[in-house]
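S.K.: Enclosed is the structure file protein11.cif (mmCIF, C-alpha atoms and all ligand atoms).
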data_data
#
loop_
_atom_site.label_atom_id
_atom_site.label_comp_id
_atom_site.auth_asym_id
_atom_site.auth_seq_id
_atom_site.Cartn_x
_atom_site.Cartn_y
_atom_site.Cartn_z
CA MET A 105 95.04 79.49 -87.62
CA THR A 106 97.77 78.49 -90.04
CA LEU A 107 101.02 77.30 -88.55
CA PRO A 108 104.38 78.74 -89.55
CA PRO A 109 106.77 76.22 -91.16
CA THR A 110 108.79 73.94 -88.84
CA PRO A 111 111.73 76.05 -87.66
CA PRO A 112 115.25 74.81 -88.38
CA THR A 113 117.18 73.22 -85.50
CA GLY A 114 119.00 75.87 -83.49
CA LEU A 115 117.09 78.82 -85.03
CA HIS A 116 116.92 80.28 -81.50
CA GLU A 117 119.75 78.41 -79.83
CA GLY A 118 119.33 77.87 -76.10
CA GLY A 119 115.62 78.76 -75.88
CA CYS A 120 112.70 79.53 -78.17
CA ALA A 121 109.21 80.96 -77.69
CA PHE A 122 106.12 80.86 -79.86
CA ALA A 123 104.19 84.12 -79.50
CA ASP A 124 101.66 85.82 -81.73
CA GLY A 125 101.92 82.97 -84.21
CA ALA A 126 105.70 83.04 -84.75
CA TYR A 127 108.84 81.44 -83.32
CA VAL A 128 110.93 84.12 -81.63
CA PRO A 129 113.99 84.29 -79.35
CA LEU A 130 113.04 84.25 -75.64
CA SER A 131 114.12 87.90 -75.29
CA GLU A 132 111.48 88.93 -77.84
CA ALA A 133 108.55 87.02 -76.29
CA LYS A 134 106.26 89.60 -74.68
CA VAL A 135 102.72 89.95 -73.31
CA SER A 136 100.68 93.12 -73.09
CA LEU A 137 100.74 95.05 -69.82
CA PHE A 138 96.93 94.96 -70.01
CA ASP A 139 96.51 91.21 -70.53
CA TRP A 140 94.36 89.78 -67.74
CA GLY A 141 96.86 86.95 -67.50
CA PHE A 142 99.16 89.56 -65.97
CA THR A 143 96.71 91.88 -64.17
CA ARG A 144 94.39 89.15 -62.77
CA SER A 145 96.39 85.88 -62.92
CA ASP A 146 93.66 84.92 -65.39
CA ALA A 147 95.62 82.27 -67.21
CA THR A 148 96.16 78.57 -67.40
CA TYR A 149 99.24 76.71 -68.48
CA ASP A 150 100.98 73.39 -68.54
CA VAL A 151 104.60 72.35 -68.42
CA ALA A 152 105.96 69.28 -70.13
CA SER A 153 109.60 68.33 -70.46
CA THR A 154 112.02 66.67 -72.80
CA TRP A 155 114.94 64.53 -71.69
CA GLU A 156 117.60 63.27 -74.10
CA GLY A 157 115.57 64.66 -76.99
CA ALA A 158 112.14 63.19 -76.24
CA PHE A 159 109.01 64.48 -74.54
CA PHE A 160 107.63 62.47 -71.61
CA ARG A 161 103.86 61.85 -71.57
CA LEU A 162 103.19 64.79 -73.88
CA ASP A 163 99.64 63.58 -74.56
CA THR A 164 98.87 63.54 -70.83
CA HIS A 165 100.11 67.14 -70.52
CA MET A 166 98.07 68.22 -73.55
CA ASP A 167 94.95 66.46 -72.16
CA ARG A 168 95.35 68.39 -68.90
CA PHE A 169 95.92 71.67 -70.77
CA PHE A 170 92.81 71.27 -72.94
CA ALA A 171 90.75 70.26 -69.88
CA SER A 172 92.02 73.37 -68.05
CA LEU A 173 91.14 75.60 -71.00
CA GLU A 174 87.59 74.29 -70.93
CA LYS A 175 87.21 74.83 -67.19
CA MET A 176 88.56 78.38 -67.58
CA ARG A 177 86.23 79.09 -70.54
CA MET A 178 89.21 79.79 -72.73
CA SER A 179 90.22 78.52 -76.14
CA ILE A 180 93.26 78.50 -78.38
CA PRO A 181 93.16 78.70 -82.15
CA TYR A 182 95.09 75.42 -82.56
CA SER A 183 94.12 71.78 -82.78
CA ARG A 184 95.82 69.16 -80.65
CA GLU A 185 98.14 68.19 -83.51
CA ALA A 186 98.99 71.84 -84.20
CA LEU A 187 99.81 72.31 -80.49
CA ARG A 188 102.07 69.27 -80.63
CA ALA A 189 103.82 70.70 -83.69
CA ILE A 190 104.36 74.07 -81.96
CA LEU A 191 105.84 72.47 -78.84
CA HIS A 192 108.11 70.29 -80.96
CA GLY A 193 108.99 73.39 -82.99
CA CYS A 194 110.07 75.31 -79.87
CA VAL A 195 112.32 72.46 -78.73
CA ARG A 196 113.79 71.94 -82.18
CA ALA A 197 114.48 75.65 -82.60
CA SER A 198 116.15 75.76 -79.17
CA GLY A 199 118.50 72.95 -80.18
CA LEU A 200 118.22 71.68 -76.57
CA LYS A 201 117.84 68.00 -75.63
CA ASP A 202 116.69 68.53 -72.02
CA CYS A 203 113.93 71.12 -71.89
CA TYR A 204 111.24 72.75 -69.80
CA VAL A 205 108.40 73.22 -72.28
CA ALA A 206 105.49 75.49 -71.39
CA MET A 207 102.14 76.08 -73.09
CA VAL A 208 100.22 79.08 -71.78
CA CYS A 209 96.83 80.64 -72.45
CA THR A 210 95.91 84.03 -71.02
CA ARG A 211 92.52 85.73 -71.00
CA GLY A 212 93.88 88.50 -73.18
CA VAL A 213 92.72 92.10 -73.24
CA PRO A 214 88.99 92.83 -73.28
CA PRO A 215 88.23 95.51 -75.87
CA PRO A 216 87.86 98.99 -74.35
CA THR A 217 84.35 100.39 -74.25
CA LYS A 218 83.14 103.85 -73.25
CA TYR A 219 83.04 102.55 -69.66
CA GLY A 220 86.32 100.65 -69.61
CA ALA A 221 87.17 97.00 -70.29
CA ARG A 222 85.44 94.69 -67.78
CA ASP A 223 83.85 91.80 -69.68
CA PRO A 224 86.06 88.68 -69.93
CA ARG A 225 83.70 87.17 -72.51
CA LEU A 226 84.85 89.77 -75.00
CA ALA A 227 88.58 89.17 -74.59
CA GLU A 228 90.52 87.35 -77.28
CA ASN A 229 92.50 84.64 -75.46
CA ARG A 230 96.22 84.58 -76.20
CA PHE A 231 98.41 81.54 -76.65
CA TYR A 232 102.14 81.29 -75.93
CA ALA A 233 104.62 78.44 -75.75
CA TYR A 234 108.30 78.21 -75.01
CA ALA A 235 111.19 75.83 -74.48
CA LEU A 236 114.00 76.59 -72.01
CA PRO A 237 116.83 74.53 -70.52
CA TYR A 238 115.38 71.86 -68.16
CA VAL A 239 114.41 73.31 -64.76
CA TRP A 240 115.02 71.27 -61.59
CA ILE A 241 113.06 71.76 -58.34
CA ALA A 242 116.47 71.21 -56.74
CA PRO A 243 119.70 70.67 -58.68
CA PRO A 244 121.10 67.09 -58.79
CA ASP A 245 123.95 67.85 -56.34
CA LYS A 246 121.44 69.28 -53.82
CA GLN A 247 119.31 66.15 -54.28
CA ARG A 248 122.33 63.96 -53.45
CA GLU A 249 123.36 66.14 -50.52
CA GLY A 250 119.74 66.15 -49.25
CA ILE A 251 116.87 68.59 -49.65
CA ASP A 252 115.61 70.22 -46.44
CA LEU A 253 111.85 70.87 -46.82
CA HIS A 254 110.08 73.55 -44.79
CA ILE A 255 106.45 72.80 -43.91
CA SER A 256 104.95 76.27 -44.00
CA GLU A 257 101.94 77.36 -41.97
CA ARG A 258 100.64 79.21 -44.99
CA VAL A 259 97.32 77.89 -46.24
CA ARG A 260 97.03 77.15 -49.95
CA ILE A 261 94.29 79.13 -51.67
CA ALA A 262 91.10 77.13 -51.10
CA PRO A 263 90.13 74.63 -53.79
CA GLU A 264 86.62 76.08 -53.52
CA SER A 265 88.09 79.43 -54.65
CA VAL A 266 90.52 78.36 -57.34
CA ASP A 267 90.28 74.86 -58.79
CA PRO A 268 93.77 73.44 -58.19
CA THR A 269 93.31 70.82 -60.90
CA VAL A 270 93.51 73.72 -63.38
CA LYS A 271 97.20 74.52 -63.52
CA ASN A 272 97.28 78.19 -62.59
CA TYR A 273 99.38 81.21 -61.69
CA HIS A 274 97.91 81.69 -58.19
CA TRP A 275 101.32 81.31 -56.60
CA ILE A 276 101.51 84.09 -54.00
CA ASP A 277 101.02 81.60 -51.13
CA LEU A 278 103.64 79.28 -52.61
CA VAL A 279 106.15 82.06 -53.25
CA GLN A 280 105.71 83.50 -49.73
CA SER A 281 106.28 79.99 -48.32
CA LEU A 282 109.57 79.89 -50.26
CA PHE A 283 110.65 83.12 -48.57
CA ASP A 284 109.74 81.51 -45.21
CA ALA A 285 111.90 78.53 -46.13
CA TYR A 286 114.90 80.59 -47.22
CA ASP A 287 114.64 82.79 -44.08
CA ARG A 288 115.01 79.58 -42.04
CA GLY A 289 117.88 78.22 -44.15
CA ARG A 290 115.74 75.49 -45.78
CA ASP A 291 115.84 74.55 -49.44
CA THR A 292 112.17 74.57 -50.43
CA SER A 293 108.71 74.59 -48.92
CA CYS A 294 105.23 73.18 -48.98
CA VAL A 295 101.94 74.68 -47.82
CA VAL A 296 98.98 73.26 -45.92
CA ASP A 297 95.23 73.22 -46.44
CA ALA A 298 92.63 74.73 -44.09
CA GLN A 299 92.37 71.41 -42.23
CA GLY A 300 96.10 71.31 -41.48
CA ASN A 301 97.12 68.72 -44.07
CA VAL A 302 100.17 69.15 -46.24
CA ALA A 303 98.92 70.18 -49.70
CA GLU A 304 101.66 70.84 -52.27
CA GLY A 305 104.69 73.00 -52.93
CA PRO A 306 105.93 75.43 -55.56
CA GLY A 307 105.97 73.09 -58.55
CA PHE A 308 105.52 69.73 -56.88
CA ASN A 309 103.26 67.22 -55.13
CA VAL A 310 104.29 65.69 -51.80
CA PHE A 311 104.45 61.97 -50.91
CA ILE A 312 105.23 60.17 -47.67
CA VAL A 313 106.16 56.55 -46.99
CA LYS A 314 105.18 54.97 -43.66
CA ASP A 315 105.62 51.27 -42.87
CA GLY A 316 106.04 50.56 -46.58
CA GLU A 317 102.87 52.36 -47.67
CA VAL A 318 103.06 55.36 -50.02
CA ARG A 319 100.60 58.20 -49.49
CA THR A 320 99.79 61.46 -51.28
CA ALA A 321 97.06 64.09 -50.86
CA ASP A 322 93.67 63.27 -52.32
CA ARG A 323 92.37 66.82 -52.83
CA GLY A 324 93.29 70.48 -52.92
CA VAL A 325 96.27 69.89 -55.19
CA LEU A 326 97.24 69.89 -58.83
CA GLU A 327 96.91 66.38 -60.17
CA GLY A 328 100.52 66.33 -61.30
CA VAL A 329 101.54 64.22 -64.26
CA SER A 330 104.49 63.03 -62.18
CA ARG A 331 102.13 62.30 -59.25
CA ARG A 332 100.04 60.18 -61.60
CA THR A 333 103.20 58.47 -62.85
CA VAL A 334 104.22 57.62 -59.27
CA ILE A 335 100.71 56.30 -58.54
CA GLU A 336 100.84 54.09 -61.64
CA LEU A 337 104.37 52.92 -60.80
CA CYS A 338 103.24 51.90 -57.30
CA GLY A 339 100.59 49.70 -58.98
CA LYS A 340 103.15 48.21 -61.36
CA LEU A 341 105.73 47.56 -58.64
CA GLY A 342 103.20 46.24 -56.11
CA ILE A 343 103.93 49.05 -53.63
CA PRO A 344 100.94 49.76 -51.32
CA LEU A 345 99.47 53.20 -52.00
CA ARG A 346 96.82 55.38 -50.39
CA VAL A 347 95.53 58.65 -51.83
CA ALA A 348 94.40 60.36 -48.65
CA PRO A 349 95.04 63.51 -46.57
CA LEU A 350 98.54 64.12 -45.18
CA PRO A 351 98.22 65.59 -41.65
CA VAL A 352 101.36 67.57 -40.82
CA ALA A 353 102.12 65.39 -37.75
CA GLU A 354 102.03 62.26 -39.92
CA VAL A 355 104.35 63.83 -42.49
CA ARG A 356 106.80 64.67 -39.70
CA ALA A 357 106.58 61.06 -38.45
CA ALA A 358 107.09 59.51 -41.93
CA ASP A 359 109.90 57.07 -42.73
CA GLU A 360 110.48 58.70 -46.11
CA VAL A 361 109.27 61.84 -47.85
CA PHE A 362 109.62 62.65 -51.53
CA LEU A 363 108.36 65.17 -54.07
CA SER A 364 107.08 64.56 -57.58
CA SER A 365 107.45 67.09 -60.37
CA THR A 366 108.10 67.51 -64.05
CA GLY A 367 111.10 69.43 -62.67
CA GLY A 368 113.03 66.36 -61.54
CA GLY A 369 110.66 63.38 -61.39
CA VAL A 370 110.97 61.81 -57.95
CA LEU A 371 112.99 63.95 -55.52
CA PRO A 372 113.94 62.47 -52.13
CA ILE A 373 113.72 64.68 -49.03
CA ALA A 374 116.47 64.36 -46.41
CA LYS A 375 115.16 66.70 -43.70
CA LEU A 376 111.93 68.37 -42.58
CA ASP A 377 112.67 71.78 -41.04
CA GLY A 378 116.20 70.69 -40.24
CA VAL A 379 115.21 67.36 -38.66
CA PRO A 380 116.66 64.36 -40.54
CA LEU A 381 114.16 61.74 -41.74
CA PRO A 382 114.88 58.13 -40.68
CA CYS A 383 115.71 57.06 -44.28
CA PHE A 384 117.47 59.13 -46.91
CA PRO A 385 117.25 58.27 -49.67
CA GLY A 386 114.67 55.76 -48.51
CA PRO A 387 114.39 52.38 -50.26
CA VAL A 388 110.85 53.00 -51.57
CA THR A 389 111.78 56.47 -52.82
CA GLN A 390 114.87 55.06 -54.52
CA ARG A 391 112.83 52.36 -56.29
CA LEU A 392 110.29 54.89 -57.53
CA HIS A 393 113.05 57.31 -58.57
CA ASP A 394 114.78 54.64 -60.64
CA ALA A 395 111.47 53.40 -62.09
CA TYR A 396 110.50 56.96 -63.08
CA TRP A 397 113.71 57.52 -65.03
CA ALA A 398 113.48 54.05 -66.61
CA LEU A 399 109.91 54.83 -67.71
CA ARG A 400 111.13 57.97 -69.46
CA LYS A 401 113.18 55.70 -71.73
CA GLU A 402 110.18 53.52 -72.69
CA PRO A 403 108.98 54.19 -76.25
CA ALA A 404 105.29 54.25 -75.21
CA TYR A 405 105.94 57.30 -73.03
CA ARG A 406 108.33 59.09 -75.39
CA ASP A 407 107.60 61.56 -78.15
CA GLU A 408 110.92 62.01 -79.98
CA VAL A 409 111.83 65.46 -81.23
CA ASP A 410 113.00 65.55 -84.84
CA TYR A 411 116.11 67.76 -84.82
CA GLY A 412 116.55 67.29 -88.59
N1 LIG A 501 101.67 71.31 -57.85
C1 LIG A 501 101.88 72.52 -58.38
C2 LIG A 501 101.31 73.73 -57.70
C3 LIG A 501 102.63 72.67 -59.56
O1 LIG A 501 102.82 73.89 -60.09
C4 LIG A 501 103.19 71.53 -60.15
C5 LIG A 501 104.00 71.65 -61.38
O2 LIG A 501 104.43 72.70 -61.76
C6 LIG A 501 102.98 70.28 -59.57
C7 LIG A 501 102.19 70.20 -58.42
C8 LIG A 501 103.56 69.02 -60.18
O3 LIG A 501 102.92 68.72 -61.40
P1 LIG A 501 103.64 67.90 -62.54
O4 LIG A 501 103.99 66.59 -61.99
O5 LIG A 501 102.61 67.81 -63.63
O6 LIG A 501 104.84 68.68 -62.95
#
Could I get this structure in the form of structure tokens?
Ligand code: PLP
M.R.:
Amino acid sequence: MTLPPTPPTGLHEGGCAFADGAYVPLSEAKVSLFDWGFTRSDATYDVASTWEGAFFRLDTHMDRFFASLEKMRMSIPYSREALRAILHGCVRASGLKDCYVAMVCTRGVPPPTKYGARDPRLAENRFYAYALPYVWIAPPDKQREGIDLHISERVRIAPESVDPTVKNYHWIDLVQSLFDAYDRGRDTSCVVDAQGNVAEGPGFNVFIVKDGEVRTADRGVLEGVSRRTVIELCGKLGIPLRVAPLPVAEVRAADEVFLSSTGGGVLPIAKLDGVPLPCFPGPVTQRLHDAYWALRKEPAYRDEVDYG
């Protein structure tokens, strides 16, 4: 599919979407009521970010998106370089330096037949992208004050049912856990797996630190780009790391807990269900936090947006 010309900087100031092959203001970006992305959560997506005018690990996000498309038996009519141009175009048109940048593919609408529309093979997949102001899992002042994380008893949809390594819109468990958290006066939440291990939260992976060792879940979670960054940073900094289950009791007994997300990088946790953790912000968390933000400045990880 041919790409529209690069949009001028600020064409859609404050936020820009790419829908049906054109750059449009966010308010004009729409999907059909009948798209299976809406009626069946039959969609995959990815979220990258820009900070101070440059993407972080954009290729890693695009790799994950294309891998997800394949697993979902979906396709988009754009090459990798065209996708890159569209994402850059959305940011440039928004005029924003710090952005949340999404790429989304939905199943689309299967063509109606005499007997209704039931066959996903016949649907034309739809592609959307957009850039918005950067979204934080918790705003910077809340991070300083201390995030109180609720460990919900809700069980994340089984990885045997929905492959969590495909970034997906199966969020009902996560959203309900957020309501649980807010009802209890907590700031955010995470859910567990069927074996009683902490899995992940709405938009983030969970890490603990115990006796100097960092640990994060080995399965049943999205393999977050920030999670991968933390894992790589542990290697670089010589911090012991184990990718292994996180039983709830061990999370509650941790020295430090932190979250990883494109929405904030490394986010220290101060309390679990109102109970203060021994260290906040813990020394290991602080090192990884600083290393994450330093890495975002390294040219090898940056993809600069050309604002013209
Ligand atoms: N887990 C879930 C369910 C997510 O939705 C996200 C991001 O939105 C993450 C983990 C963290 O992934 P990333 O580090 O790629 O942002």
S.K.: Enumerate residues in contact with ligand LIG 501 (chain A): an atom-to-atom distance of at most 6 Å, counting only C-alpha atoms and all ligand atoms. Format the result as a list in words.
M.R.: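 So, counting only C-alpha atoms and all ligand atoms, the residues near ligand LIG 501 (chain A) are Glu304, Gly305, Pro306, Gly307, Phe308, Asn309, Leu326, Gly328, Val329, Ser330, Arg331, Ser364, Ser365 and Thr366 of chain A.
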S.K.: Could you dump the residues just selected with C-alpha atoms as a tab-separated table (two decimals), keeping the file's coordinate frame?
M.R.:
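Here's the written file selection_11.tsv:
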chain	number	residue	atom	x	y	z
A	304	GLU	CA	101.66	70.84	-52.27
A	305	GLY	CA	104.69	73.00	-52.93
A	306	PRO	CA	105.93	75.43	-55.56
A	307	GLY	CA	105.97	73.09	-58.55
A	308	PHE	CA	105.52	69.73	-56.88
A	309	ASN	CA	103.26	67.22	-55.13
A	326	LEU	CA	97.24	69.89	-58.83
A	328	GLY	CA	100.52	66.33	-61.30
A	329	VAL	CA	101.54	64.22	-64.26
A	330	SER	CA	104.49	63.03	-62.18
A	331	ARG	CA	102.13	62.30	-59.25
A	364	SER	CA	107.08	64.56	-57.58
A	365	SER	CA	107.45	67.09	-60.37
A	366	THR	CA	108.10	67.51	-64.05
S.K.: Which distance in Å separates atom CA of Arg356 of chain A and atom CA of Lys271 of chain A, to one decimal?
M.R.: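 Answer for the atom CA of Arg356 of chain A to atom CA of Lys271 of chain A separation: 27.5 Å.
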S.K.: May I ask which of the residues A:Gln280, A:Gln247, A:Thr269, A:Gln299 is the closest one to Gln390 of chain A, counting all atoms listed in the file?
M.R.: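 Nearest to Gln390 of chain A: A:Gln247.
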S.K.: Of the residues A:Glu402, A:Asp150, A:Glu336, A:Glu360, which is the one nearest to Met207 of chain A, using only C-alpha atoms?
M.R.: A:Asp150
S.K.: Please, what distance in Å, to one decimal, runs between atom CA of Leu200 of chain A and atom CA of His116 of chain A?
M.R.: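 Result for atom CA of Leu200 of chain A versus atom CA of His116 of chain A: 10.0 Å, one decimal.
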S.K.: For Arg196 of chain A, list every protein, DNA or RNA residue within 8 Å, evaluated using all atoms listed in the file, and leave out those in the same chain fewer than 4 positions away; present the list as a ChimeraX atom specification.
M.R.: /A:111-114,192,200,409-411
S.K.: For Pro108 of chain A, which of A:Leu162, A:Asp287, A:Ser256, A:Ile190 is the closest residue, counting all atoms listed in the file?
M.R.: A:Ile190
S.K.: Kindly indicate which residue among A:Ala298, A:Val310, A:Ala123, A:Cys203 lies nearest to Val259 of chain A, using all atoms listed in the file for the distances.
M.R.: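 The shortest atom-to-atom distance to Val259 of chain A comes from A:Ala298.
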S.K.: Take the point (117.6, 61.6, -66.9) in the file's coordinates, draw a sphere of radius 9 Å around it, and report as a ChimeraX atom specification every protein, DNA or RNA residue with an atom inside or on it, counting all atoms listed in the file.
M.R.: /A:155-156,202,368,397-398,400-401
S.K.: Using all atoms listed in the file, find the one residue out of A:Leu173, A:Leu236, A:Ala197, A:Leu399 that sits nearest to Thr210 of chain A.
M.R.: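 For Thr210 of chain A, the nearest of the given residues is A:Leu173.
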S.K.: When you count all atoms listed in the file, which of these residues is closest to Glu132 of chain A: A:Tyr234, A:Phe384, A:Trp275, A:Trp240?
M.R.: A:Tyr234
S.K.: Can you build me a table of segment 207-230 of chain A residues sitting at most 9 Å from segment 177-182 of chain A, with the closest atom pair per residue and its distance in Å to one decimal, using only C-alpha atoms, sorted by chain and residue number, as CSV?
M.R.:
residue,atom,partner,partner_atom,distance
A:Cys209,CA,A:Ile180,CA,7.2
A:Thr210,CA,A:Met178,CA,8.1
A:Arg211,CA,A:Met178,CA,7.0
A:Arg225,CA,A:Arg177,CA,8.7
A:Glu228,CA,A:Ser179,CA,8.9
A:Asn229,CA,A:Met178,CA,6.5
A:Arg230,CA,A:Ile180,CA,7.1
S.K.: Kindly give the distance, in Å, that separates atom CA of Thr389 of chain A and atom CA of Glu354 of chain A, rounded to a single decimal.
M.R.: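 Separation of atom CA of Thr389 of chain A and atom CA of Glu354 of chain A: 17.2 Å.
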S.K.: Do a neighbour search on Asp146 of chain A at 9 Å with all atoms listed in the file, toss out local chain neighbours closer than 3 positions, and write the hits as a list in words.
M.R.: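 Surrounding residues, per the criterion: Asp139, Trp140, Gly141, Phe142, Thr143, Met176, Cys209, Thr210, Arg211, Gly212, Asn272, Tyr273 and His274 of chain A.
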S.K.: At a cut-off of 12 Å, using all atoms listed in the file, what residues contact Asp291 of chain A? Leave out same-chain residues fewer than 4 positions from it and give the result as a ChimeraX atom specification.
M.R.: /A:241-243,246-247,249-255,281-287,305-306,373-378
S.K.: Within 12 Å of (101.9, 49.3, -57.2) in the file's own coordinates, which protein, DNA or RNA residues have an atom, counting only C-alpha atoms? List them as an mmCIF file with C-alpha atoms, in the coordinates of the input.
M.R.:
data_model
loop_
_atom_site.group_PDB
_atom_site.id
_atom_site.type_symbol
_atom_site.label_atom_id
_atom_site.label_comp_id
_atom_site.auth_asym_id
_atom_site.auth_seq_id
_atom_site.Cartn_x
_atom_site.Cartn_y
_atom_site.Cartn_z
ATOM 1 C CA GLY A 316 106.040 50.560 -46.580
ATOM 2 C CA GLU A 317 102.870 52.360 -47.670
ATOM 3 C CA VAL A 318 103.060 55.360 -50.020
ATOM 4 C CA ARG A 319 100.600 58.200 -49.490
ATOM 5 C CA ARG A 332 100.040 60.180 -61.600
ATOM 6 C CA THR A 333 103.200 58.470 -62.850
ATOM 7 C CA VAL A 334 104.220 57.620 -59.270
ATOM 8 C CA ILE A 335 100.710 56.300 -58.540
ATOM 9 C CA GLU A 336 100.840 54.090 -61.640
ATOM 10 C CA LEU A 337 104.370 52.920 -60.800
ATOM 11 C CA CYS A 338 103.240 51.900 -57.300
ATOM 12 C CA GLY A 339 100.590 49.700 -58.980
ATOM 13 C CA LYS A 340 103.150 48.210 -61.360
ATOM 14 C CA LEU A 341 105.730 47.560 -58.640
ATOM 15 C CA GLY A 342 103.200 46.240 -56.110
ATOM 16 C CA ILE A 343 103.930 49.050 -53.630
ATOM 17 C CA PRO A 344 100.940 49.760 -51.320
ATOM 18 C CA LEU A 345 99.470 53.200 -52.000
ATOM 19 C CA ARG A 346 96.820 55.380 -50.390
ATOM 20 C CA VAL A 388 110.850 53.000 -51.570
ATOM 21 C CA ARG A 391 112.830 52.360 -56.290
ATOM 22 C CA LEU A 392 110.290 54.890 -57.530
ATOM 23 C CA ALA A 395 111.470 53.400 -62.090
#
